[in-house]
Amino acid sequence: MRLFTALWPSAEAVRHLAAAVDRLDPERLARATEGLRKFRFVEPERWHLTLCFHGDDADQEQVTERLEHRVARLRNADPAPPRLRLAGSGVFRGVLWVGVEPADEDDERGLCDLVHAAGGNPRGYRAHLTVGRWVAGRPDRELLPGLFAGYAGPWWQSRELAVVCSDLREGGPTYRTVHRVGVTRESSG
């Protein structure tokens, strides 16, 4: 199975960012995406932070067992889930993203702890949410991320991690949550 562990932003955070996408000036958007083949925005219901990609042939049972074990250790320390907000933007190859900003150093450590618990490497991890994709072309590295310059959404906390199966389809992947793990004592099974 093609699996990843994700953190889903709050419904309020998704609505706020979706409204920002809807308010983009069409002329500015056209200039920023000029020369990008098949640029499209990702549907808000697919917006998530990938904490760890487990591979195309991941064993769901192994992934969920490891996640449960690692998160149990975090719960024993009883940390609060990190306070995060969507803010800033950038581009990777074929991807326009909005960044994720922790509220303070404790929240940054908390996010790194969740990345580690998911099986990812917190070193060099760039928390982001993919909002746009294209198949070919080079973006203007100022104009395209500039669409969200100064953007900052509401603060949110996620009380669970999700193991998600990604099914590749012609119109883009579909996501199906196959396991949830509470990250606080109150949210655990």
# chains A, B, ... in the order shown; residues from 1 in each chain; ligands from 1
$ residues_around --residues "A:Val71" --least-positions-apart "6" --cutoff "8 Å" --atoms "only C-alpha atoms" --output "list in words"
Leu114, Ala117, Val181, Gly182 and Val183 of chain A
$ write_last_selection --atoms "N, CA and C atoms" --output "PDB file, in the first residue's frame"
ATOM      1  N   LEU A 114       6.327  14.849  16.686  1.00  0.00           N
ATOM      2  CA  LEU A 114       5.313  14.145  15.891  1.00  0.00           C
ATOM      3  C   LEU A 114       5.916  13.584  14.600  1.00  0.00           C
ATOM      4  N   ALA A 117       7.824  10.555  15.674  1.00  0.00           N
ATOM      5  CA  ALA A 117       6.891   9.481  16.021  1.00  0.00           C
ATOM      6  C   ALA A 117       6.296   8.843  14.768  1.00  0.00           C
ATOM      7  N   VAL A 181      -4.353   7.794  15.386  1.00  0.00           N
ATOM      8  CA  VAL A 181      -3.690   7.660  16.678  1.00  0.00           C
ATOM      9  C   VAL A 181      -3.818   8.989  17.407  1.00  0.00           C
ATOM     10  N   GLY A 182      -4.428   8.974  18.587  1.00  0.00           N
ATOM     11  CA  GLY A 182      -4.540  10.180  19.408  1.00  0.00           C
ATOM     12  C   GLY A 182      -3.181  10.551  19.971  1.00  0.00           C
ATOM     13  N   VAL A 183      -2.859  11.846  19.964  1.00  0.00           N
ATOM     14  CA  VAL A 183      -1.547  12.281  20.444  1.00  0.00           C
ATOM     15  C   VAL A 183      -1.570  12.798  21.881  1.00  0.00           C
TER      16      VAL A 183
END
$ residues_around --residues "A:His48" --least-positions-apart "4" --cutoff "8 Å" --atoms "only C-alpha atoms" --output "ChimeraX atom specification"
/A:6-9,129-130
$ write_last_selection --atoms "N, CA, C and O atoms" --output "mmCIF file, in the first residue's frame"
data_model
loop_
_atom_site.group_PDB
_atom_site.id
_atom_site.type_symbol
_atom_site.label_atom_id
_atom_site.label_comp_id
_atom_site.auth_asym_id
_atom_site.auth_seq_id
_atom_site.Cartn_x
_atom_site.Cartn_y
_atom_site.Cartn_z
ATOM 1 N N ALA A 6 -0.046 11.547 8.338
ATOM 2 C CA ALA A 6 -0.414 12.941 8.108
ATOM 3 C C ALA A 6 -0.972 13.591 9.352
ATOM 4 O O ALA A 6 -1.456 12.930 10.270
ATOM 5 N N LEU A 7 -0.892 14.884 9.328
ATOM 6 C CA LEU A 7 -1.536 15.747 10.311
ATOM 7 C C LEU A 7 -2.496 16.604 9.495
ATOM 8 O O LEU A 7 -2.089 17.254 8.531
ATOM 9 N N TRP A 8 -3.782 16.571 9.842
ATOM 10 C CA TRP A 8 -4.786 17.341 9.104
ATOM 11 C C TRP A 8 -5.006 18.671 9.807
ATOM 12 O O TRP A 8 -5.189 18.700 11.018
ATOM 13 N N PRO A 9 -4.998 19.767 9.085
ATOM 14 C CA PRO A 9 -5.306 21.064 9.706
ATOM 15 C C PRO A 9 -6.769 21.115 10.133
ATOM 16 O O PRO A 9 -7.600 20.345 9.640
ATOM 17 N N LEU A 129 1.933 22.459 3.344
ATOM 18 C CA LEU A 129 0.688 21.933 2.817
ATOM 19 C C LEU A 129 0.676 22.260 1.324
ATOM 20 O O LEU A 129 0.836 23.425 0.948
ATOM 21 N N THR A 130 0.531 21.268 0.485
ATOM 22 C CA THR A 130 0.530 21.483 -0.961
ATOM 23 C C THR A 130 -0.815 22.070 -1.387
ATOM 24 O O THR A 130 -1.856 21.475 -1.151
#
$ atom_distance --atom1 "atom CA of A:Asp22" --atom2 "atom CA of A:Leu147"
11.5 Å
$ closest_residue --among "A:Gly132, A:Gly88, A:Gly137, A:Gly153" --to "A:Ala20" --atoms "only C-alpha atoms"
A:Gly153
$ closest_residue --among "A:Asp25, A:Val115, A:Glu65, A:His54" --to "A:Arg180" --atoms "only C-alpha atoms"
A:Glu65
$ residues_around --residues "A:Leu51" --least-positions-apart "3" --cutoff "10 Å" --atoms "only C-alpha atoms" --output "PyMOL selection string"
chain A and resi 4-7+48+54+111-112+114-122+125-128+161-163
$ decode --residues "stretch 117-163 of chain A" --atoms "C-alpha atoms" --output "PDB file, in the first residue's frame"
ATOM      1  CA  ALA A 117       6.891   9.481  16.021  1.00  0.00           C
ATOM      2  CA  ALA A 118       5.537   9.124  12.475  1.00  0.00           C
ATOM      3  CA  GLY A 119       8.882   7.684  11.379  1.00  0.00           C
ATOM      4  CA  GLY A 120      10.179  10.802   9.638  1.00  0.00           C
ATOM      5  CA  ASN A 121      13.414  12.687  10.138  1.00  0.00           C
ATOM      6  CA  PRO A 122      12.812  16.037  11.866  1.00  0.00           C
ATOM      7  CA  ARG A 123      16.180  17.352  10.622  1.00  0.00           C
ATOM      8  CA  GLY A 124      15.572  19.374   7.528  1.00  0.00           C
ATOM      9  CA  TYR A 125      11.819  18.711   7.703  1.00  0.00           C
ATOM     10  CA  ARG A 126       9.852  21.530   6.125  1.00  0.00           C
ATOM     11  CA  ALA A 127       6.269  21.458   7.302  1.00  0.00           C
ATOM     12  CA  HIS A 128       4.034  22.495   4.434  1.00  0.00           C
ATOM     13  CA  LEU A 129       0.688  21.933   2.817  1.00  0.00           C
ATOM     14  CA  THR A 130       0.530  21.483  -0.961  1.00  0.00           C
ATOM     15  CA  VAL A 131      -1.993  23.896  -2.480  1.00  0.00           C
ATOM     16  CA  GLY A 132      -1.059  23.732  -6.168  1.00  0.00           C
ATOM     17  CA  ARG A 133       0.605  21.413  -8.682  1.00  0.00           C
ATOM     18  CA  TRP A 134       1.764  21.481 -12.290  1.00  0.00           C
ATOM     19  CA  VAL A 135       3.361  18.892 -14.571  1.00  0.00           C
ATOM     20  CA  ALA A 136       5.978  20.929 -16.429  1.00  0.00           C
ATOM     21  CA  GLY A 137       7.493  24.368 -16.625  1.00  0.00           C
ATOM     22  CA  ARG A 138       9.568  26.554 -14.363  1.00  0.00           C
ATOM     23  CA  PRO A 139       7.760  28.860 -11.993  1.00  0.00           C
ATOM     24  CA  ASP A 140       8.768  32.396 -11.257  1.00  0.00           C
ATOM     25  CA  ARG A 141      10.165  31.828  -7.749  1.00  0.00           C
ATOM     26  CA  GLU A 142       8.876  35.204  -6.606  1.00  0.00           C
ATOM     27  CA  LEU A 143       5.539  35.581  -8.390  1.00  0.00           C
ATOM     28  CA  LEU A 144       4.104  32.140  -7.660  1.00  0.00           C
ATOM     29  CA  PRO A 145       4.785  31.957  -3.898  1.00  0.00           C
ATOM     30  CA  GLY A 146       4.049  35.684  -3.812  1.00  0.00           C
ATOM     31  CA  LEU A 147       0.389  34.790  -4.299  1.00  0.00           C
ATOM     32  CA  PHE A 148       0.384  33.948  -0.588  1.00  0.00           C
ATOM     33  CA  ALA A 149       2.900  36.540   0.602  1.00  0.00           C
ATOM     34  CA  GLY A 150       1.888  37.678   4.034  1.00  0.00           C
ATOM     35  CA  TYR A 151      -0.711  34.947   4.421  1.00  0.00           C
ATOM     36  CA  ALA A 152      -1.239  33.729   7.987  1.00  0.00           C
ATOM     37  CA  GLY A 153      -4.161  31.580   9.018  1.00  0.00           C
ATOM     38  CA  PRO A 154      -5.714  30.887  12.405  1.00  0.00           C
ATOM     39  CA  TRP A 155      -3.899  28.867  15.069  1.00  0.00           C
ATOM     40  CA  TRP A 156      -4.940  25.233  15.476  1.00  0.00           C
ATOM     41  CA  GLN A 157      -3.945  22.049  17.274  1.00  0.00           C
ATOM     42  CA  SER A 158      -4.405  18.537  15.987  1.00  0.00           C
ATOM     43  CA  ARG A 159      -5.175  15.848  18.519  1.00  0.00           C
ATOM     44  CA  GLU A 160      -4.473  12.913  16.213  1.00  0.00           C
ATOM     45  CA  LEU A 161      -2.183  11.561  13.531  1.00  0.00           C
ATOM     46  CA  ALA A 162      -3.609   9.665  10.596  1.00  0.00           C
ATOM     47  CA  VAL A 163      -2.130   6.836   8.579  1.00  0.00           C
TER      48      VAL A 163
END
